[in-house]
>>> print(open('model.txt').read())   # compact mmCIF, C-alpha atoms and all ligand atoms
# COMPACT_ATOMS: atom_id res chain seq x y z
CA MET A 1 18.55 10.00 -21.30
CA LYS A 2 18.43 11.94 -18.03
CA THR A 3 20.91 14.76 -17.58
CA CYS A 4 22.96 15.74 -14.56
CA LEU A 5 24.84 18.96 -14.09
CA VAL A 6 28.01 18.46 -12.05
CA VAL A 7 29.03 21.70 -10.42
CA ASP A 8 32.38 21.91 -8.64
CA ASP A 9 35.38 24.22 -8.90
CA SER A 10 37.75 21.27 -8.69
CA ARG A 11 38.37 19.64 -12.03
CA VAL A 12 39.48 16.44 -10.30
CA ILE A 13 36.21 16.19 -8.37
CA ARG A 14 34.20 16.93 -11.52
CA THR A 15 35.98 14.13 -13.35
CA VAL A 16 35.41 11.64 -10.51
CA ALA A 17 31.76 12.69 -10.15
CA ARG A 18 31.16 12.59 -13.90
CA LYS A 19 32.30 8.99 -14.07
CA ILE A 20 30.09 7.94 -11.17
CA VAL A 21 27.02 9.74 -12.48
CA GLU A 22 27.55 8.44 -16.02
CA GLU A 23 27.65 4.92 -14.57
CA LEU A 24 24.17 5.63 -13.20
CA GLY A 25 22.98 6.29 -16.74
CA PHE A 26 23.09 10.08 -16.96
CA ALA A 27 24.39 12.42 -19.61
CA VAL A 28 26.69 14.78 -17.73
CA VAL A 29 27.32 18.49 -18.17
CA GLU A 30 30.03 20.16 -16.08
CA ALA A 31 30.27 23.63 -14.62
CA GLU A 32 33.08 25.12 -12.53
CA ASP A 33 31.02 27.63 -10.59
CA GLY A 34 27.48 28.87 -10.01
CA VAL A 35 27.61 31.42 -12.82
CA VAL A 36 28.47 28.85 -15.46
CA ALA A 37 26.00 26.40 -13.90
CA LEU A 38 23.21 28.94 -14.16
CA GLU A 39 24.06 29.67 -17.81
CA LYS A 40 23.92 25.96 -18.62
CA SER A 41 20.70 25.56 -16.66
CA ARG A 42 19.11 28.37 -18.68
CA GLU A 43 20.10 26.63 -21.90
CA ALA A 44 18.56 23.35 -20.74
CA LEU A 45 17.24 22.38 -17.33
CA PRO A 46 18.98 19.26 -16.05
CA ASP A 47 17.09 16.47 -14.25
CA ALA A 48 19.59 16.50 -11.42
CA VAL A 49 22.40 18.69 -10.08
CA LEU A 50 25.34 17.48 -8.04
CA LEU A 51 26.35 20.70 -6.34
CA ASP A 52 29.41 21.89 -4.45
CA TRP A 53 28.85 24.65 -1.92
CA ASN A 54 31.99 26.77 -1.80
CA MET A 55 32.96 28.06 -5.24
CA PRO A 56 34.28 31.35 -6.64
CA ASN A 57 31.98 33.83 -8.46
CA MET A 58 28.72 32.23 -7.34
CA ASP A 59 28.45 29.58 -4.64
CA GLY A 60 26.17 26.56 -4.59
CA MET A 61 23.56 28.13 -2.34
CA GLU A 62 23.16 31.19 -4.53
CA TYR A 63 23.00 29.07 -7.65
CA MET A 64 20.34 26.83 -6.11
CA LYS A 65 18.12 29.81 -5.30
CA ALA A 66 18.52 31.17 -8.83
CA LEU A 67 17.81 27.76 -10.35
CA ARG A 68 14.70 27.27 -8.25
CA ALA A 69 13.42 30.62 -9.55
CA LEU A 70 13.71 29.56 -13.21
CA PRO A 71 10.55 28.23 -14.89
CA GLY A 72 10.53 24.48 -14.17
CA GLY A 73 13.46 24.92 -11.79
CA GLU A 74 11.54 23.65 -8.79
CA ALA A 75 11.39 20.15 -10.32
CA VAL A 76 15.16 19.75 -10.63
CA ARG A 77 16.60 17.33 -8.05
CA ILE A 78 19.43 19.06 -6.22
CA VAL A 79 22.03 17.06 -4.36
CA PHE A 80 24.61 19.05 -2.46
CA CYS A 81 28.06 17.50 -2.46
CA THR A 82 30.36 19.41 -0.19
CA THR A 83 32.95 19.39 2.59
CA GLU A 84 30.52 21.40 4.75
CA ASN A 85 29.73 18.39 6.89
CA ASP A 86 27.99 19.83 9.91
CA MET A 87 24.35 19.79 10.93
CA ARG A 88 23.91 23.55 10.57
CA HIS A 89 24.91 23.58 6.89
CA ILE A 90 22.80 20.51 6.11
CA GLN A 91 19.75 22.07 7.72
CA GLU A 92 20.30 25.34 5.89
CA ALA A 93 20.59 23.55 2.54
CA LEU A 94 17.41 21.56 3.15
CA ALA A 95 15.53 24.64 4.32
CA GLU A 96 16.51 26.45 1.12
CA GLY A 97 15.27 23.62 -1.07
CA ALA A 98 18.00 20.99 -1.48
CA ASP A 99 16.67 17.44 -1.99
CA GLU A 100 19.68 15.49 -0.76
CA TYR A 101 23.07 16.14 0.73
CA ILE A 102 26.39 14.36 0.37
CA MET A 103 29.26 15.06 2.71
CA LYS A 104 32.69 14.72 1.11
CA PRO A 105 34.58 12.50 0.80
CA PHE A 106 32.08 10.51 -1.21
CA ASP A 107 32.18 7.34 -3.27
CA ALA A 108 30.09 5.77 -6.00
CA GLU A 109 27.92 3.92 -3.53
CA ILE A 110 26.91 7.06 -1.66
CA VAL A 111 26.02 8.89 -4.86
CA LYS A 112 24.00 5.88 -5.99
CA THR A 113 22.20 5.70 -2.63
CA LYS A 114 21.20 9.34 -2.83
CA PHE A 115 20.09 9.17 -6.47
CA ASP A 116 18.13 6.00 -5.68
CA LEU A 117 16.41 7.71 -2.78
CA LEU A 118 15.32 10.51 -5.09
CA GLY A 119 13.98 8.04 -7.63
CA LEU A 120 16.49 9.23 -10.23
CA THR A 121 17.81 5.78 -11.07
CA GLU A 122 16.07 2.74 -12.42
CA MET B 1 49.57 -21.39 4.57
CA LYS B 2 49.96 -25.07 5.26
CA LEU B 3 47.10 -27.25 4.12
CA GLU B 4 46.54 -28.69 7.58
CA ASP B 5 46.44 -25.20 9.07
CA PHE B 6 43.84 -24.20 6.53
CA ASP B 7 41.79 -27.28 7.30
CA TYR B 8 42.02 -26.61 11.00
CA LEU B 9 40.97 -22.97 10.68
CA SER B 10 38.10 -23.64 8.29
CA ARG B 11 36.76 -26.40 10.53
CA LEU B 12 37.03 -24.17 13.57
CA LEU B 13 35.22 -21.29 11.87
CA LYS B 14 32.45 -23.52 10.63
CA GLU B 15 31.92 -25.04 14.06
CA ARG B 16 31.86 -21.74 15.85
CA SER B 17 29.99 -19.46 13.45
CA GLY B 18 28.75 -21.57 10.56
CA LEU B 19 31.02 -19.68 8.20
CA VAL B 20 32.20 -21.76 5.26
CA VAL B 21 35.67 -20.91 3.96
CA THR B 22 36.52 -22.73 0.75
CA LYS B 23 40.05 -23.39 -0.52
CA ASP B 24 39.89 -20.53 -3.00
CA LYS B 25 39.55 -18.18 -0.02
CA VAL B 26 42.96 -18.97 1.47
CA TYR B 27 44.04 -15.43 0.64
CA LEU B 28 41.11 -14.13 2.70
CA LEU B 29 42.23 -16.11 5.73
CA GLU B 30 45.74 -14.82 5.27
CA THR B 31 44.88 -11.15 4.79
CA ARG B 32 42.36 -11.04 7.61
CA LEU B 33 44.11 -13.21 10.16
CA THR B 34 47.68 -12.00 9.84
CA PRO B 35 46.82 -8.71 11.58
CA VAL B 36 45.05 -10.69 14.33
CA ALA B 37 48.17 -12.82 14.82
CA ARG B 38 50.33 -9.69 15.08
CA ARG B 39 47.98 -8.11 17.61
CA HIS B 40 48.35 -11.17 19.78
CA GLY B 41 52.14 -11.04 19.51
CA LEU B 42 52.33 -14.03 17.18
CA LYS B 43 54.71 -14.17 14.25
CA ASP B 44 52.47 -15.68 11.60
CA LEU B 45 49.48 -17.91 10.93
CA ASP B 46 51.50 -20.97 11.83
CA GLU B 47 51.91 -19.66 15.34
CA LEU B 48 48.29 -18.56 15.42
CA VAL B 49 47.08 -22.08 14.64
CA GLN B 50 49.53 -23.51 17.18
CA THR B 51 48.14 -21.23 19.86
CA LEU B 52 44.53 -22.01 18.99
CA ARG B 53 45.22 -25.74 19.10
CA ALA B 54 46.65 -25.31 22.58
CA ASN B 55 43.77 -23.24 23.93
CA ARG B 56 40.48 -22.96 22.11
CA SER B 57 38.54 -20.96 24.64
CA ASP B 58 40.78 -18.00 24.28
CA LYS B 59 40.14 -14.37 23.32
CA LEU B 60 42.15 -15.28 20.24
CA LEU B 61 39.35 -17.51 19.02
CA ILE B 62 36.84 -14.67 19.33
CA ASP B 63 39.13 -12.31 17.45
CA VAL B 64 39.68 -14.88 14.70
CA THR B 65 35.95 -15.37 14.23
CA GLU B 66 35.23 -11.65 14.25
CA ALA B 67 37.96 -10.98 11.73
CA MET B 68 36.48 -13.51 9.33
CA THR B 69 32.81 -12.49 9.43
CA THR B 70 31.49 -9.81 7.12
CA ASN B 71 29.74 -7.02 9.00
CA GLU B 72 28.86 -4.89 6.02
CA SER B 73 25.41 -3.37 6.49
CA LEU B 74 23.48 -0.26 5.63
CA PHE B 75 20.37 1.61 6.63
CA PHE B 76 17.15 0.53 4.88
CA ARG B 77 19.16 -2.06 2.96
CA ASP B 78 17.54 -2.77 -0.44
CA THR B 79 14.74 -0.27 0.41
CA ARG B 80 11.88 -2.46 -0.78
CA PRO B 81 11.80 -4.88 2.18
CA PHE B 82 11.18 -1.86 4.43
CA ASP B 83 8.55 -0.43 2.09
CA LEU B 84 6.79 -3.79 2.28
CA PHE B 85 7.10 -3.80 6.05
CA LYS B 86 5.18 -0.56 6.18
CA ALA B 87 2.66 -1.29 3.42
CA SER B 88 1.89 -4.99 3.96
CA VAL B 89 3.46 -6.58 7.02
CA LEU B 90 2.64 -3.98 9.64
CA PRO B 91 -1.01 -3.43 8.64
CA GLY B 92 -1.62 -7.18 8.29
CA LEU B 93 -0.11 -8.14 11.62
CA MET B 94 -1.71 -5.20 13.42
CA GLN B 95 -5.08 -6.39 12.27
CA ALA B 96 -4.28 -9.92 13.46
CA ARG B 97 -3.05 -8.64 16.85
CA ALA B 98 -5.71 -6.02 17.43
CA GLY B 99 -6.47 -7.74 20.76
CA GLN B 100 -2.95 -7.82 22.22
CA ARG B 101 -1.63 -4.64 20.58
CA LYS B 102 1.87 -5.96 20.76
CA LEU B 103 4.37 -7.13 18.15
CA ARG B 104 7.79 -8.68 18.58
CA ILE B 105 10.42 -8.25 15.89
CA TRP B 106 13.82 -9.94 15.77
CA SER B 107 16.83 -8.79 13.79
CA ALA B 108 18.78 -12.04 13.94
CA ALA B 109 22.14 -10.93 12.50
CA CYS B 110 21.97 -7.25 13.25
CA SER B 111 25.63 -6.38 12.67
CA SER B 112 26.27 -2.74 13.64
CA GLY B 113 22.58 -2.00 14.09
CA GLN B 114 21.50 -0.43 10.80
CA GLU B 115 18.75 -3.00 10.34
CA PRO B 116 17.04 -2.71 13.76
CA TYR B 117 17.47 1.07 13.77
CA SER B 118 15.90 1.30 10.32
CA LEU B 119 12.90 -0.52 11.79
CA ALA B 120 12.86 1.74 14.82
CA ILE B 121 12.96 4.82 12.57
CA LEU B 122 10.18 3.41 10.42
CA LEU B 123 8.00 2.84 13.48
CA LYS B 124 8.80 6.28 14.85
CA GLU B 125 7.96 7.91 11.53
CA ASN B 126 4.54 6.24 11.62
CA GLN B 127 3.83 6.60 15.31
CA ALA B 128 0.53 8.40 14.74
CA GLN B 129 -1.02 5.16 13.46
CA LEU B 130 0.71 3.07 16.11
CA SER B 131 -0.35 4.72 19.34
CA GLY B 132 -1.37 2.29 22.05
CA TRP B 133 0.85 -0.39 20.51
CA ARG B 134 3.95 -1.93 21.92
CA PHE B 135 6.79 -2.98 19.66
CA ASP B 136 9.70 -5.05 20.90
CA ILE B 137 12.71 -4.98 18.63
CA VAL B 138 15.24 -7.61 19.65
CA ALA B 139 18.57 -7.41 17.83
CA THR B 140 21.32 -9.99 18.12
CA ASP B 141 24.60 -10.92 16.52
CA LEU B 142 27.37 -13.41 17.06
CA SER B 143 30.00 -10.76 17.44
CA LYS B 144 30.30 -9.08 20.82
CA GLU B 145 32.25 -6.20 19.37
CA ILE B 146 29.66 -5.45 16.71
CA VAL B 147 26.80 -5.65 19.21
CA ALA B 148 28.60 -3.10 21.39
CA LYS B 149 28.96 -0.84 18.38
CA ALA B 150 25.28 -1.24 17.50
CA LYS B 151 24.29 -0.39 21.04
CA SER B 152 26.39 2.77 21.02
CA GLY B 153 24.51 3.95 17.93
CA LEU B 154 27.66 5.67 16.69
CA TYR B 155 28.35 5.77 12.97
CA THR B 156 30.96 7.25 10.69
CA GLN B 157 30.12 9.83 8.07
CA PHE B 158 30.39 7.09 5.46
CA GLU B 159 27.97 4.80 7.27
CA VAL B 160 25.25 7.41 7.75
CA GLN B 161 25.36 8.18 4.05
CA ARG B 162 24.61 4.61 3.04
CA GLY B 163 20.87 4.14 2.63
CA LEU B 164 19.75 6.89 4.97
CA PRO B 165 17.80 9.85 3.53
CA ILE B 166 19.33 13.13 4.65
CA GLN B 167 16.06 14.27 6.26
CA LEU B 168 16.20 11.26 8.60
CA LEU B 169 19.82 11.96 9.46
CA VAL B 170 18.89 15.49 10.47
CA LYS B 171 15.87 14.31 12.41
CA TYR B 172 17.30 11.35 14.32
CA PHE B 173 21.07 11.84 14.65
CA LYS B 174 23.38 14.09 16.58
CA GLN B 175 26.87 14.98 15.48
CA THR B 176 29.54 14.16 18.05
CA GLY B 177 33.06 14.89 16.86
CA ASP B 178 33.54 13.11 13.56
CA LYS B 179 30.81 10.57 14.36
CA TRP B 180 27.04 10.62 14.17
CA GLN B 181 24.98 9.17 16.98
CA ILE B 182 21.42 7.96 16.69
CA ASP B 183 19.01 9.54 19.13
CA ALA B 184 18.60 8.01 22.58
CA GLY B 185 14.88 7.49 22.06
CA LEU B 186 15.53 5.22 19.10
CA ARG B 187 18.36 3.44 20.88
CA SER B 188 16.02 2.59 23.72
CA MET B 189 13.59 0.98 21.27
CA VAL B 190 16.06 -1.82 20.52
CA GLN B 191 17.15 -4.55 22.95
CA TYR B 192 20.57 -5.84 21.98
CA GLY B 193 22.21 -9.12 22.84
CA GLU B 194 24.74 -11.66 21.67
CA PHE B 195 23.30 -14.72 20.01
CA ASN B 196 24.81 -17.46 17.88
CA LEU B 197 22.42 -18.64 15.18
CA LEU B 198 23.94 -22.10 15.39
CA THR B 199 22.12 -22.52 18.69
CA HIS B 200 18.36 -22.95 18.93
CA PRO B 201 16.57 -19.62 19.50
CA ARG B 202 13.81 -20.88 21.81
CA SER B 203 15.24 -18.94 24.76
CA LEU B 204 14.40 -15.70 22.93
CA GLY B 205 10.66 -16.34 22.83
CA GLN B 206 8.22 -16.06 19.92
CA PHE B 207 8.42 -13.44 17.19
CA ASP B 208 5.91 -12.02 14.74
CA VAL B 209 8.60 -10.87 12.32
CA ILE B 210 12.14 -12.17 11.91
CA PHE B 211 14.79 -10.44 9.85
CA CYS B 212 17.56 -12.90 9.04
CA ARG B 213 19.25 -11.16 6.18
CA ASN B 214 22.60 -11.60 4.53
CA VAL B 215 23.98 -14.15 6.94
CA LEU B 216 22.75 -17.50 5.59
CA ILE B 217 24.80 -16.89 2.43
CA TYR B 218 27.93 -17.65 4.45
CA PHE B 219 26.64 -21.04 5.60
CA ASP B 220 26.53 -24.44 3.92
CA GLN B 221 23.26 -26.17 3.10
CA PRO B 222 22.84 -28.27 6.28
CA THR B 223 23.63 -25.26 8.45
CA LYS B 224 21.15 -23.06 6.54
CA ARG B 225 18.52 -25.72 7.07
CA GLN B 226 19.26 -26.04 10.77
CA VAL B 227 19.08 -22.27 11.27
CA LEU B 228 15.87 -21.87 9.25
CA ASP B 229 14.18 -24.73 11.08
CA GLY B 230 15.06 -23.06 14.37
CA LEU B 231 13.54 -19.81 13.13
CA ALA B 232 10.37 -21.66 12.12
CA ASP B 233 10.06 -22.83 15.73
CA VAL B 234 10.03 -19.29 17.12
CA LEU B 235 8.01 -17.54 14.41
CA THR B 236 4.30 -17.20 15.09
CA LYS B 237 2.08 -19.18 12.75
CA ASP B 238 1.03 -16.01 10.92
CA GLY B 239 4.44 -14.36 11.17
CA VAL B 240 6.84 -13.17 8.49
CA LEU B 241 10.45 -14.13 7.81
CA TYR B 242 12.70 -11.78 5.87
CA LEU B 243 15.76 -13.11 4.06
CA GLY B 244 18.43 -11.24 2.11
CA GLY B 245 18.27 -10.66 -1.64
CA ALA B 246 20.53 -13.64 -2.44
CA GLU B 247 18.90 -16.03 0.01
CA THR B 248 15.93 -18.38 -0.20
CA VAL B 249 14.24 -21.24 1.63
CA LEU B 250 13.58 -23.10 -1.61
CA GLY B 251 15.54 -26.32 -1.77
CA VAL B 252 16.77 -25.75 1.79
CA THR B 253 13.84 -26.49 4.09
CA GLU B 254 10.17 -27.36 3.83
CA ARG B 255 9.30 -25.41 6.97
CA PHE B 256 8.94 -22.12 5.06
CA LYS B 257 7.41 -21.04 1.77
CA PRO B 258 7.58 -17.76 -0.12
CA ILE B 259 4.79 -15.23 0.35
CA PRO B 260 3.39 -14.76 -3.16
CA GLY B 261 3.96 -11.30 -4.56
CA LEU B 262 6.26 -10.19 -1.73
CA ARG B 263 9.82 -10.94 -2.76
CA GLY B 264 12.23 -11.85 0.02
CA LEU B 265 9.38 -12.51 2.48
CA TYR B 266 8.52 -16.01 3.70
CA GLN B 267 5.84 -17.63 5.82
CA ARG B 268 5.56 -20.89 7.70
CA SER B 269 4.49 -23.80 5.52
CA ASP B 270 1.94 -24.86 8.12
CA GLY B 271 0.46 -21.40 8.44
CA GLU B 272 -0.29 -18.24 6.55
CA ALA B 273 1.31 -14.85 7.08
CA ALA B 274 -1.02 -12.09 8.18
CA VAL B 275 0.02 -9.64 5.50
CA LYS B 276 -2.02 -7.17 3.54
CA ALA B 277 -1.82 -7.75 -0.22
CA ALA B 278 0.62 -5.28 -1.77
C1 LIG A 301 26.60 -9.01 6.35
S1 LIG A 301 26.05 -8.83 8.02
C2 LIG A 301 24.30 -8.60 7.77
C3 LIG A 301 23.74 -7.46 8.57
C4 LIG A 301 22.28 -7.13 8.31
N1 LIG A 301 21.40 -8.22 8.63
C5 LIG A 301 22.07 -6.71 6.87
O1 LIG A 301 21.43 -7.42 6.11
O2 LIG A 301 22.58 -5.65 6.48
C6 LIG A 301 26.23 -10.46 8.65
C7 LIG A 301 26.26 -10.56 10.16
O3 LIG A 301 26.03 -11.90 10.55
C8 LIG A 301 26.74 -12.16 11.73
N2 LIG A 301 26.89 -13.60 11.92
C9 LIG A 301 27.71 -14.45 11.25
N3 LIG A 301 27.60 -15.70 11.73
C10 LIG A 301 26.66 -15.65 12.72
C11 LIG A 301 26.10 -16.60 13.59
N4 LIG A 301 26.48 -17.88 13.55
N5 LIG A 301 25.17 -16.19 14.49
C12 LIG A 301 24.77 -14.89 14.53
N6 LIG A 301 25.26 -13.95 13.73
C13 LIG A 301 26.21 -14.31 12.82
C14 LIG A 301 28.04 -11.41 11.53
O4 LIG A 301 28.67 -11.13 12.77
C15 LIG A 301 27.56 -10.16 10.78
O5 LIG A 301 27.38 -9.08 11.66
>>> encode(input="model.txt", output="structure tokens", more="lines below")
Ligand SMILES: C[S@@+](CC[C@H](N)C(=O)[O-])C[C@H]1O[C@@H](n2cnc3c(N)ncnc32)[C@H](O)[C@@H]1O
Amino acid sequence: MKTCLVVDDSRVIRTVARKIVEELGFAVVEAEDGVVALEKSREALPDAVLLDWNMPNMDGMEYMKALRALPGGEAVRIVFCTTENDMRHIQEALAEGADEYIMKPFDAEIVKTKFDLLGLTE
Amino acid sequence: MKLEDFDYLSRLLKERSGLVVTKDKVYLLETRLTPVARRHGLKDLDELVQTLRANRSDKLLIDVTEAMTTNESLFFRDTRPFDLFKASVLPGLMQARAGQRKLRIWSAACSSGQEPYSLAILLKENQAQLSGWRFDIVATDLSKEIVAKAKSGLYTQFEVQRGLPIQLLVKYFKQTGDKWQIDAGLRSMVQYGEFNLLTHPRSLGQFDVIFCRNVLIYFDQPTKRQVLDGLADVLTKDGVLYLGGAETVLGVTERFKPIPGLRGLYQRSDGEAAVKAA
């Protein structure tokens, strides 16, 4: 089973996202900030990460850079999922190595679209 | 709703748009048409039917039809039809038209434009191989309102996240307020117009590719047949017809047959599509 790390400081969002991603056939691990996410990524690299941007301790951008530097970290599919919904942020995320980008609010269909596009679903 | 009102409305909708509303969809008529009645200062559906009976050529009739049709669409809907367009349809037809260097494509129920713009994006993304070629993309729909929306190229944040890879959003859209607008270059690649599929399409000319997706499902069998036969008349002998995932020509008309190996793609029965094997 493929794994997805859901990283968001809002427990409500994590719960919503977990349900959607589980529907797509993933085993889900949650993290409430970049620090925890990085710990969990060191334990086991996920196949995909659904990643908030603004979080305490370590934000999504910093986490992504750290993840990409881990052995095998470049293969992880990273999907930002954030309220930063302007062109500048999207371009920055892509330039730094994000694979996809979801602007909140999101729904199951959008997450499915993006995972489909990355070939994560069957 | 009174039975005779239901009968009247369903007959009217079928005549005007082909849409079939069965008895189990009474709730749909009620939920979608009550707001239309209110907007026109009418108390309820009773009054709406009364008004329609009195004057059928009214703006009310247009609003009723638009409220009942489903406009749901997304970019690169179902993905694979567009992959096939690039891998099989385009190379095959370009070989067949090497002399003219021109292809005409019709999006026959284009809704808010996602389908024709997906094609325009696809062509733009492959322009290196297409230089010296001319592509006409004609996009039509029954609904005036939806055609105007398509033409504007303006989409909500939700709409641009359905089917569109983020890299293409960045490349081909501009953010204006809380909307996203597709680039003027792409907009100018599509010619929009109103067209009712219940009328014969001969006035539109001949097409090499016709997309008629996710609209036949709303029609009954004789209407589907009539529409498909009209499409057969304006599709070139080696052209390609695209239908939606839940639609087929089988058991509906003999004018088309499936293209083996390419699901959702059809060719004229009296011809053979110029497609490259997948
Ligand atoms: C569900 S949308 C399909 C859009 C697009 N082809 C796709 O597959 O995503 C159906 C469209 O068919 C249009 N339509 C319904 N009846 C029609 C008719 N008689 N002639 C032309 N268009 C019609 C509706 O206005 C609506 O925009």
>>> residues_around(input="model.txt", residues="B:Phe6", least_positions_apart="2", cutoff="12 Å", atoms="all atoms listed in the file", output="PyMOL selection string")
chain B and resi 1-4+8-13+20-30+33+45-46+48-49
>>> write_last_selection(input="model.txt", atoms="C-alpha atoms", output="CSV table (one decimal), in the frame of the given file")
chain,number,residue,atom,x,y,z
B,1,MET,CA,49.6,-21.4,4.6
B,2,LYS,CA,50.0,-25.1,5.3
B,3,LEU,CA,47.1,-27.2,4.1
B,4,GLU,CA,46.5,-28.7,7.6
B,8,TYR,CA,42.0,-26.6,11.0
B,9,LEU,CA,41.0,-23.0,10.7
B,10,SER,CA,38.1,-23.6,8.3
B,11,ARG,CA,36.8,-26.4,10.5
B,12,LEU,CA,37.0,-24.2,13.6
B,13,LEU,CA,35.2,-21.3,11.9
B,20,VAL,CA,32.2,-21.8,5.3
B,21,VAL,CA,35.7,-20.9,4.0
B,22,THR,CA,36.5,-22.7,0.8
B,23,LYS,CA,40.0,-23.4,-0.5
B,24,ASP,CA,39.9,-20.5,-3.0
B,25,LYS,CA,39.6,-18.2,0.0
B,26,VAL,CA,43.0,-19.0,1.5
B,27,TYR,CA,44.0,-15.4,0.6
B,28,LEU,CA,41.1,-14.1,2.7
B,29,LEU,CA,42.2,-16.1,5.7
B,30,GLU,CA,45.7,-14.8,5.3
B,33,LEU,CA,44.1,-13.2,10.2
B,45,LEU,CA,49.5,-17.9,10.9
B,46,ASP,CA,51.5,-21.0,11.8
B,48,LEU,CA,48.3,-18.6,15.4
B,49,VAL,CA,47.1,-22.1,14.6
>>> residues_near_ligand(input="model.txt", ligand="ligand LIG 301 (chain A)", cutoff="6 Å", atoms="only C-alpha atoms and all ligand atoms", output="ChimeraX atom specification")
/B:17-18,69-74,109-111,115,141-143,195-198,213-215
>>> closest_atom_pairs(input="model.txt", of="chain A", to="chain B", cutoff="10 Å", atoms="all atoms listed in the file", output="JSON lines")
{"residue": "A:Asn85", "atom": "CA", "partner": "B:Gln157", "partner_atom": "CA", "distance": 8.6}
{"residue": "A:Asp86", "atom": "CA", "partner": "B:Gln175", "partner_atom": "CA", "distance": 7.5}
{"residue": "A:Met87", "atom": "CA", "partner": "B:Val170", "partner_atom": "CA", "distance": 7.0}
{"residue": "A:Arg88", "atom": "CA", "partner": "B:Val170", "partner_atom": "CA", "distance": 9.5}
{"residue": "A:Ile90", "atom": "CA", "partner": "B:Val170", "partner_atom": "CA", "distance": 7.7}
{"residue": "A:Gln91", "atom": "CA", "partner": "B:Val170", "partner_atom": "CA", "distance": 7.2}
{"residue": "A:Leu94", "atom": "CA", "partner": "B:Gln167", "partner_atom": "CA", "distance": 8.0}
{"residue": "A:Asp99", "atom": "CA", "partner": "B:Ile166", "partner_atom": "CA", "distance": 8.4}
{"residue": "A:Glu100", "atom": "CA", "partner": "B:Ile166", "partner_atom": "CA", "distance": 5.9}
{"residue": "A:Tyr101", "atom": "CA", "partner": "B:Ile166", "partner_atom": "CA", "distance": 6.2}
{"residue": "A:Ile102", "atom": "CA", "partner": "B:Gln161", "partner_atom": "CA", "distance": 7.3}
{"residue": "A:Met103", "atom": "CA", "partner": "B:Gln157", "partner_atom": "CA", "distance": 7.5}
{"residue": "A:Lys104", "atom": "CA", "partner": "B:Gln157", "partner_atom": "CA", "distance": 8.9}
{"residue": "A:Pro105", "atom": "CA", "partner": "B:Phe158", "partner_atom": "CA", "distance": 8.3}
{"residue": "A:Phe106", "atom": "CA", "partner": "B:Phe158", "partner_atom": "CA", "distance": 7.7}
{"residue": "A:Asp107", "atom": "CA", "partner": "B:Phe158", "partner_atom": "CA", "distance": 8.9}
{"residue": "A:Glu109", "atom": "CA", "partner": "B:Arg162", "partner_atom": "CA", "distance": 7.4}
{"residue": "A:Ile110", "atom": "CA", "partner": "B:Arg162", "partner_atom": "CA", "distance": 5.8}
{"residue": "A:Val111", "atom": "CA", "partner": "B:Gln161", "partner_atom": "CA", "distance": 9.0}
{"residue": "A:Lys112", "atom": "CA", "partner": "B:Arg162", "partner_atom": "CA", "distance": 9.1}
{"residue": "A:Thr113", "atom": "CA", "partner": "B:Gly163", "partner_atom": "CA", "distance": 5.6}
{"residue": "A:Lys114", "atom": "CA", "partner": "B:Pro165", "partner_atom": "CA", "distance": 7.2}
{"residue": "A:Asp116", "atom": "CA", "partner": "B:Gly163", "partner_atom": "CA", "distance": 8.9}
{"residue": "A:Leu117", "atom": "CA", "partner": "B:Pro165", "partner_atom": "CA", "distance": 6.8}
{"residue": "A:Leu118", "atom": "CA", "partner": "B:Pro165", "partner_atom": "CA", "distance": 9.0}
>>> write_last_selection(input="model.txt", atoms="C-alpha atoms", output="compact mmCIF listing (two decimals), in the coordinates of the input")
# COMPACT_ATOMS: atom_id res chain seq x y z
CA ASN A 85 29.73 18.39 6.89
CA ASP A 86 27.99 19.83 9.91
CA MET A 87 24.35 19.79 10.93
CA ARG A 88 23.91 23.55 10.57
CA ILE A 90 22.80 20.51 6.11
CA GLN A 91 19.75 22.07 7.72
CA LEU A 94 17.41 21.56 3.15
CA ASP A 99 16.67 17.44 -1.99
CA GLU A 100 19.68 15.49 -0.76
CA TYR A 101 23.07 16.14 0.73
CA ILE A 102 26.39 14.36 0.37
CA MET A 103 29.26 15.06 2.71
CA LYS A 104 32.69 14.72 1.11
CA PRO A 105 34.58 12.50 0.80
CA PHE A 106 32.08 10.51 -1.21
CA ASP A 107 32.18 7.34 -3.27
CA GLU A 109 27.92 3.92 -3.53
CA ILE A 110 26.91 7.06 -1.66
CA VAL A 111 26.02 8.89 -4.86
CA LYS A 112 24.00 5.88 -5.99
CA THR A 113 22.20 5.70 -2.63
CA LYS A 114 21.20 9.34 -2.83
CA ASP A 116 18.13 6.00 -5.68
CA LEU A 117 16.41 7.71 -2.78
CA LEU A 118 15.32 10.51 -5.09
>>> atom_distance(input="model.txt", atom1="atom CA of A:Glu22", atom2="atom CA of A:Met61")
24.3 Å
>>> closest_residue(input="model.txt", among="A:Val16, A:Leu70, A:Leu5, A:Ala75", to="A:Glu32", atoms="all atoms listed in the file")
A:Leu5
>>> residues_near_point(input="model.txt", point="(31.2, -3.3, 19.6)", cutoff="12 Å", atoms="all atoms listed in the file", output="list of chain:residue names")
B:Glu66, B:Asn71, B:Cys110, B:Ser111, B:Ser112, B:Gly113, B:Asp141, B:Leu142, B:Ser143, B:Lys144, B:Glu145, B:Ile146, B:Val147, B:Ala148, B:Lys149, B:Ala150, B:Lys151, B:Ser152, B:Gly153, B:Leu154, B:Tyr155, B:Tyr192, B:Gly193, B:Glu194
>>> residues_near_point(input="model.txt", point="(14.5, 26.0, 0.0)", cutoff="10 Å", atoms="all atoms listed in the file", output="ChimeraX atom specification")
/A:61,64-65,68,74,92-99
>>> atom_distance(input="model.txt", atom1="atom CA of B:Arg39", atom2="atom CA of B:Leu19")
22.6 Å
